[in-house]
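Here is my_file_39.txt, consisting of compact mmCIF, C-alpha atoms and all ligand atoms:
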```
# COMPACT_ATOMS: atom_id res chain seq x y z
CA MET N 685 19.51 -7.59 -15.26
CA ILE N 686 17.81 -9.81 -17.80
CA ARG N 687 19.49 -9.20 -21.16
CA ASP N 688 16.26 -8.81 -23.13
CA ILE N 689 14.98 -6.16 -20.71
CA GLU N 690 18.31 -4.35 -20.76
CA ASP N 691 18.22 -4.33 -24.55
CA SER N 692 14.76 -2.76 -24.60
CA ALA N 693 15.54 -0.12 -21.95
CA ALA N 694 15.23 2.77 -24.42
CA GLU N 695 11.75 1.67 -25.46
CA PHE N 696 10.55 1.54 -21.87
CA MET N 697 12.24 4.81 -20.98
CA ALA N 698 10.22 6.41 -23.80
CA ILE N 699 7.03 4.79 -22.50
CA ARG N 700 7.77 5.99 -18.97
CA ARG N 701 8.39 9.53 -20.17
CA ASP N 702 5.21 9.52 -22.23
CA LEU N 703 3.23 8.45 -19.16
CA HIS N 704 5.04 11.07 -17.08
CA ALA N 705 4.07 13.79 -19.57
CA HIS N 706 0.39 12.77 -19.39
CA PRO N 707 -0.43 12.23 -15.71
CA GLU N 708 -4.01 11.33 -14.83
CA LEU N 709 -5.62 11.40 -11.40
CA SER N 710 -7.30 8.49 -9.61
CA PHE N 711 -10.02 6.79 -11.67
CA ALA N 712 -9.31 9.14 -14.59
CA GLU N 713 -6.47 7.01 -16.01
CA GLU N 714 -8.17 6.70 -19.41
CA ARG N 715 -5.19 7.46 -21.65
CA THR N 716 -2.79 5.56 -19.42
CA ALA N 717 -5.05 2.51 -19.36
CA SER N 718 -5.46 2.62 -23.13
CA ARG N 719 -1.73 2.79 -23.68
CA VAL N 720 -1.18 -0.11 -21.30
CA ALA N 721 -3.89 -2.24 -22.95
CA GLU N 722 -2.63 -1.51 -26.46
CA LEU N 723 0.96 -2.34 -25.56
CA LEU N 724 -0.04 -5.60 -23.89
CA GLU N 725 -2.16 -6.59 -26.89
CA GLY N 726 0.71 -5.70 -29.18
CA TRP N 727 2.79 -8.33 -27.38
CA GLY N 728 0.01 -10.87 -27.82
CA ILE N 729 -1.35 -10.67 -24.27
CA PRO N 730 -5.15 -10.91 -23.94
CA VAL N 731 -6.49 -7.94 -21.99
CA VAL N 732 -9.60 -7.08 -20.01
CA ARG N 733 -10.25 -3.35 -19.73
CA GLY N 734 -12.33 -1.48 -17.18
CA VAL N 735 -11.70 -3.74 -14.17
CA GLY N 736 -12.42 -1.53 -11.15
CA ARG N 737 -13.40 1.35 -13.46
CA THR N 738 -10.07 2.23 -15.16
CA GLY N 739 -7.99 -0.83 -14.24
CA VAL N 740 -6.48 -3.17 -16.84
CA VAL N 741 -5.75 -6.87 -16.46
CA GLY N 742 -3.55 -8.86 -18.82
CA ILE N 743 -3.69 -12.66 -18.78
CA LEU N 744 -0.67 -14.67 -19.83
CA GLN N 745 -1.39 -18.36 -19.97
CA ARG N 746 0.91 -21.26 -20.82
CA GLY N 747 0.40 -24.99 -20.69
CA GLN N 748 -2.14 -26.75 -18.51
CA GLY N 749 -0.81 -25.59 -15.14
CA LYS N 750 -3.37 -24.59 -12.54
CA ARG N 751 -1.15 -22.26 -10.60
CA ALA N 752 -1.38 -18.48 -10.97
CA ILE N 753 0.65 -15.50 -9.90
CA GLY N 754 -0.32 -11.82 -9.94
CA LEU N 755 2.05 -8.93 -10.66
CA ARG N 756 0.69 -5.48 -9.90
CA ALA N 757 1.49 -1.83 -10.60
CA ASP N 758 -0.43 1.39 -10.00
CA MET N 759 -1.13 3.99 -12.70
CA ASP N 760 -2.49 7.20 -11.13
CA ALA N 761 -0.79 10.55 -10.60
CA LEU N 762 -1.11 13.23 -7.91
CA PRO N 763 -2.72 16.70 -7.84
CA VAL N 764 0.68 18.37 -7.70
CA GLU N 765 2.17 21.09 -9.91
CA GLU N 766 5.34 19.96 -11.69
CA HIS N 767 8.17 22.48 -11.84
CA ASN N 768 10.62 20.37 -13.82
CA ARG N 769 11.56 21.75 -17.20
CA PHE N 770 12.64 18.62 -19.03
CA ASP N 771 10.83 17.69 -22.23
CA HIS N 772 8.66 15.06 -20.61
CA ALA N 773 7.46 17.26 -17.75
CA SER N 774 3.72 17.17 -17.15
CA ARG N 775 1.59 18.71 -19.90
CA HIS N 776 -1.31 18.95 -17.47
CA PRO N 777 -1.29 21.85 -14.99
CA GLY N 778 -1.86 20.70 -11.45
CA ARG N 779 -1.12 17.04 -12.12
CA MET N 780 2.16 15.17 -11.78
CA HIS N 781 3.55 11.67 -11.52
CA ALA N 782 5.18 12.64 -8.24
CA CYS N 783 4.86 9.19 -6.65
CA GLY N 784 6.53 7.25 -9.45
CA HIS N 785 3.54 5.35 -10.76
CA ASP N 786 4.75 6.13 -14.29
CA GLY N 787 7.83 4.12 -13.35
CA HIS N 788 5.80 1.34 -11.74
CA THR N 789 3.63 1.03 -14.86
CA ALA N 790 6.65 1.02 -17.20
CA MET N 791 8.38 -1.61 -15.03
CA LEU N 792 5.41 -3.95 -15.12
CA LEU N 793 5.05 -3.38 -18.86
CA ALA N 794 8.70 -4.35 -19.33
CA ALA N 795 8.17 -7.48 -17.24
CA SER N 796 4.99 -8.25 -19.19
CA ARG N 797 6.74 -7.99 -22.52
CA HIS N 798 9.62 -10.15 -21.37
CA LEU N 799 7.32 -12.80 -19.93
CA ALA N 800 5.12 -12.81 -23.04
CA LEU N 801 7.94 -13.07 -25.55
CA HIS N 802 10.66 -15.01 -23.77
CA ALA N 803 9.58 -16.75 -20.59
CA GLU N 804 8.79 -20.43 -20.25
CA PHE N 805 6.34 -21.34 -17.54
CA ASP N 806 3.32 -23.52 -16.90
CA GLY N 807 0.31 -21.68 -15.48
CA THR N 808 -1.06 -18.17 -15.54
CA ILE N 809 0.53 -14.80 -14.88
CA VAL N 810 -2.06 -12.12 -14.16
CA LEU N 811 -0.78 -8.62 -14.95
CA ILE N 812 -2.67 -6.12 -12.81
CA PHE N 813 -2.58 -2.42 -13.68
CA GLN N 814 -4.42 -0.76 -10.82
CA PRO N 815 -6.12 2.65 -10.82
CA ALA N 816 -6.38 5.03 -7.87
CA GLU N 817 -3.63 3.89 -5.53
CA GLU N 818 -3.55 7.40 -4.07
CA GLY N 819 -6.42 7.49 -1.61
CA GLY N 820 -6.35 3.73 -1.39
CA THR N 821 -9.59 2.82 -3.16
CA GLY N 822 -8.34 1.45 -6.51
CA ALA N 823 -7.39 -1.98 -5.17
CA LEU N 824 -10.76 -2.27 -3.48
CA ALA N 825 -12.50 -1.26 -6.70
CA MET N 826 -10.69 -4.00 -8.62
CA MET N 827 -11.52 -6.54 -5.92
CA ALA N 828 -15.15 -5.44 -5.87
CA ASP N 829 -15.12 -6.00 -9.62
CA GLY N 830 -14.05 -9.59 -9.04
CA LEU N 831 -10.30 -9.39 -9.59
CA PHE N 832 -9.48 -12.44 -7.51
CA GLU N 833 -12.51 -14.52 -8.45
CA ARG N 834 -12.32 -13.76 -12.17
CA PHE N 835 -8.60 -13.88 -12.75
CA LEU N 836 -6.93 -15.64 -9.82
CA TRP N 837 -9.71 -18.11 -8.91
CA MET N 838 -9.72 -17.30 -5.26
CA PRO N 839 -12.03 -15.38 -2.93
CA SER N 840 -11.10 -11.79 -2.09
CA SER N 841 -9.53 -11.33 1.29
CA PRO N 842 -8.68 -8.28 3.38
CA ARG N 843 -5.06 -9.46 3.36
CA THR N 844 -4.84 -8.61 -0.30
CA THR N 845 -5.61 -4.90 0.01
CA GLY N 846 -2.09 -3.55 0.04
CA ARG N 847 -1.30 0.04 -0.82
CA ALA N 848 2.47 -0.06 -0.81
CA CYS N 849 4.31 1.46 -3.72
CA LEU N 850 6.82 -0.50 -5.74
CA TRP N 851 5.66 -3.90 -4.73
CA ALA N 852 4.63 -6.76 -6.88
CA ALA N 853 1.70 -8.61 -5.36
CA LEU N 854 2.42 -12.29 -5.32
CA GLN N 855 -0.52 -14.60 -4.93
CA SER N 856 -0.53 -18.27 -5.63
CA ALA N 857 -3.95 -19.65 -6.19
CA ARG N 858 -5.81 -22.87 -5.98
CA GLY N 859 -6.66 -24.60 -9.23
CA ARG N 860 -9.77 -23.63 -11.15
ZN ZN J 1 2.05 5.97 -4.88
```
Could you write out this structure as structure tokens?
Amino acid sequence: MIRDIEDSAAEFMAIRRDLHAHPELSFAEERTASRVAELLEGWGIPVVRGVGRTGVVGILQRGQGKRAIGLRADMDALPVEEHNRFDHASRHPGRMHACGHDGHTAMLLAASRHLALHAEFDGTIVLIFQPAEEGGTGALAMMADGLFERFLWMPSSPRTTGRACLWAALQSARGR
């Protein structure tokens, strides 16, 4: 474990629990997206909101390098009733982060913070917070909104429409 991330574990646990308490369904991730965007901006990462409706993209650029990599997490919850009784259980009847997207979002936020504050690299890291993974249309919505052309300088391709959970999409791109 990277020391800096280990040291900030409590902060990201609190973020994860806050997201867990406020689950939002596909394409309704307004609060979640706002939190993500505000946190990224707080770490000095430029952000574009509303990519693929409720998606958020952070752009971390260093040096003159032409290479780019994308890291991706999903943000939506499921129409499921939560029966847990812990403090951060869902405040919204009939909605729950039952697929772990609260964890995925918190993990990518932790990576984003670490990369923004401590990492040395030459190129661009595109931080992709995707809406609507459940149902499988959020990735397509971001691509239709120009995700690859606008941020990764490459044409969209069917190969890039994954819907796996807990993966980080890795895409190297041609120069601009
Ligand atoms: Zn999922």
Please extract the residues at most 12 Å from ligand ZN 1 (chain J), counting all atoms listed in the file, and provide them as number ranges by chain, using the chain letters and residue numbers of this document.
-> N: 709-710, 757-762, 780-789, 814-820, 822, 846-851
Spatial neighbours of segment 696-706 of chain N, max dist 12 Å, only C-alpha atoms, sep filter under 4 positions, as number ranges by chain = N: 688-692, 712-720, 723, 759-762, 766, 768-798
Contacts of Leu744 of chain N within 9 Å, all atoms listed in the file, excl. fewer than 5 positions in-chain, as a ChimeraX atom specification = /N:728-730,796,799-800,807-811
Can you list, as a PyMOL selection string, every protein, DNA or RNA residue that comes within 8 Å of Val740 of chain N when you count all atoms listed in the file, leaving out same-chain residues fewer than 2 positions away?
-> chain N and resi 717+720-721+731-735+738+742+812-814
Atom CA of Gly747 of chain N to atom CA of Ala803 of chain N measures 12.3 Å
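Of note, atom CA of Asp806 of chain N and atom CA of Gly726 of chain N are spaced 21.8 Å apart.
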